[in-house]
Amino acid sequence: MKKIIVLIFVFVPIFMFSQKEIKLYPQGASEGIFSPQAEVANGVEWITFVSEARMYMYPSLSQNKKGTSVLICPGGGYGGLAAEKEGAEIARWLNSIGVTAFVLYYRMPFGNHGVPLKDTKTAMQIIRKNAGEWKLNKNRIGIIGFSAGGHLAATLGTHYDKENKPYFMALIYPVISFRPAFFPSGTCENLLGKNPAEELIHYYSNELHITRHTPPTFLVHALNDDVVEPFHSQAFADILNLKKVNHKFILYNQGGHGFGMRPQNVDADNWHNEFKEWLKNGKFI
């Protein structure tokens with residue numbers, strides 16, 4: 001009998017609180033973007049050719065009393081999504097600290113640079129609209145992004161509309177700028193195409209759009225990141241400081257790029273604990 005009771009407690013949360021798929025455009029998106037092939041999923045680890053925008057809701061069993069929730073933007077260079085390492089695993093950790101999470105499967109640009117940002121704004125608006133039903137606070141929706149997903153989160157945080165402004169941002173080894181001095185690579189080309197116009201480069205170089213109204217920001221980078229140089233985060237942090245925006249920037253010695261929350265026995269392994277403390281100290285949760 002005791003074994004049966006234990007099994008019930010182990011398995012009930014899985015069935016009752018498994019993630020819920022929410023389509024951003026149930027009737028179809030207005031853009032006629034063309035995906036060169038159907039969506040491909042390598043399990044849930046890596047997903048390419050995302051052409052249907054959606055998010056997955058991970059309700060917390062012990063939702064914080066403030067009703068704070070977080071939208072997660074996995075990275076992937078605007079060519080795919082690291083949906084497990086920078087999505088589902090982050091959501092489950094947020095659940096463990098009392099935060100309901102939403103993993104965003106934003107569409108790849110396929111020649112339309114505005115699509116990922118539109119999906120992110122739409123996701124924020126859907127969460128806000130349904131916050132009452134989901135027992136969340138509509139004014140306490142944060143965003144976290146990794147690598148290119150960090151660029152997307154920072155783009156929302158510097159180009160928001162009233163109805164989709166994040167409560168706070170967490171940018172983990174983010175791409176910040178597409179200006180030549182930041183050595184833009186495939187991420188820039190995937191979003192803007194080859195030889196993008198100067199005005200597009202300016203628009204998506206997020207350090208240029210920080211104001212005193214930019215949301216509070218938590219930044220993480222590693223010195224030995226050889227994919228996205230740490231001066232992306234440093235430049236963003238410097239201007240946040242100049243504009244007197246509440247922020248914390250942690251530059252770790254070791255971590256590389258794309259580490260998510262998977263331990264490597266390096267100092268960057270501790271970033272999520274620092275993030276939790278930042279959330280608590282700032283009374284975000």
# chains A, B, ... in the order shown; residues from 1 in each chain; ligands from 1

$ select_by_dssp --residues "region 16-262 of chain A" --states "strand (DSSP E)" --output "ChimeraX atom specification"
/A:20-23,40-42,46-48,54-58,69-73,80-81,100-105,141-146,169-172,217-222,247-252

$ residues_around --residues "Ile285 (chain A)" --least-positions-apart "6" --cutoff "8 Å" --atoms "only C-alpha atoms" --output "JSON, numbers by chain"
{"A": [64, 65, 66, 67, 68, 99, 279]}

$ select_by_dssp --residues "region 226-264 of chain A" --states "alpha helix (DSSP H)" --output "PyMOL selection string"
chain A and resi 231-242

$ write_last_selection --atoms "N, CA and C atoms" --output "JSON list (two decimals), in the first residue's frame"
[["chain", "number", "residue", "atom", "x", "y", "z"],
["A", 231, "PHE", "N", 31.75, 41.28, -24.69],
["A", 231, "PHE", "CA", 31.53, 42.72, -24.74],
["A", 231, "PHE", "C", 30.13, 43.07, -25.24],
["A", 232, "HIS", "N", 29.38, 42.11, -25.76],
["A", 232, "HIS", "CA", 27.96, 42.35, -26.05],
["A", 232, "HIS", "C", 27.23, 42.70, -24.75],
["A", 233, "SER", "N", 27.37, 41.83, -23.76],
["A", 233, "SER", "CA", 26.73, 42.10, -22.46],
["A", 233, "SER", "C", 27.33, 43.31, -21.78],
["A", 234, "GLN", "N", 28.65, 43.48, -21.89],
["A", 234, "GLN", "CA", 29.31, 44.60, -21.23],
["A", 234, "GLN", "C", 28.79, 45.93, -21.77],
["A", 235, "ALA", "N", 28.63, 46.02, -23.09],
["A", 235, "ALA", "CA", 28.13, 47.25, -23.69],
["A", 235, "ALA", "C", 26.72, 47.56, -23.22],
["A", 236, "PHE", "N", 25.88, 46.53, -23.13],
["A", 236, "PHE", "CA", 24.51, 46.72, -22.67],
["A", 236, "PHE", "C", 24.51, 47.19, -21.22],
["A", 237, "ALA", "N", 25.32, 46.53, -20.40],
["A", 237, "ALA", "CA", 25.40, 46.89, -18.98],
["A", 237, "ALA", "C", 25.93, 48.31, -18.79],
["A", 238, "ASP", "N", 26.90, 48.71, -19.59],
["A", 238, "ASP", "CA", 27.47, 50.05, -19.47],
["A", 238, "ASP", "C", 26.41, 51.12, -19.71],
["A", 239, "ILE", "N", 25.56, 50.90, -20.71],
["A", 239, "ILE", "CA", 24.55, 51.92, -21.01],
["A", 239, "ILE", "C", 23.40, 51.84, -20.02],
["A", 240, "LEU", "N", 23.07, 50.65, -19.54],
["A", 240, "LEU", "CA", 22.10, 50.56, -18.44],
["A", 240, "LEU", "C", 22.57, 51.38, -17.25],
["A", 241, "ASN", "N", 23.84, 51.28, -16.96],
["A", 241, "ASN", "CA", 24.42, 52.04, -15.86],
["A", 241, "ASN", "C", 24.34, 53.54, -16.13],
["A", 242, "LEU", "N", 24.65, 53.93, -17.36],
["A", 242, "LEU", "CA", 24.60, 55.34, -17.75],
["A", 242, "LEU", "C", 23.19, 55.90, -17.60]]

$ closest_residue --among "A:Gly75, A:Asp226, A:Leu104, A:Gln254" --to "Ala148 (chain A)" --atoms "only C-alpha atoms"
A:Gly75

$ residues_around --residues "Ile143 (chain A)" --least-positions-apart "2" --cutoff "6 Å" --atoms "only C-alpha atoms" --output "PyMOL selection string"
chain A and resi 70-72+169

$ residues_around --residues "Lys248 (chain A)" --least-positions-apart "4" --cutoff "7 Å" --atoms "only C-alpha atoms" --output "list in words"
Thr217, Phe218 and Leu219 of chain A

$ write_last_selection --atoms "C-alpha atoms" --output "PDB file, in the first residue's frame"
ATOM      1  CA  THR A 217      17.962  43.606 -16.342  1.00  0.00           C
ATOM      2  CA  PHE A 218      20.032  40.613 -15.223  1.00  0.00           C
ATOM      3  CA  LEU A 219      22.981  39.786 -17.516  1.00  0.00           C
TER       4      LEU A 219
END

$ closest_residue --among "A:Met57, A:Ile250, A:Leu136, A:Leu117" --to "Thr158 (chain A)" --atoms "only C-alpha atoms"
A:Leu117

$ closest_residue --among "A:Thr48, A:Gln19, A:Asn137, A:Ser177" --to "Asn206 (chain A)" --atoms "only C-alpha atoms"
A:Ser177

$ closest_residue --among "A:Asn253, A:Thr122, A:Lys280, A:Ile141" --to "Asp161 (chain A)" --atoms "only C-alpha atoms"
A:Thr122

$ residues_around --residues "region 267-273 of chain A" --least-positions-apart "3" --cutoff "10 Å" --atoms "only C-alpha atoms" --output "VMD selection string"
chain A and resid 90 93 to 94 172 219 to 223 250 to 256 259 to 264 276 to 279
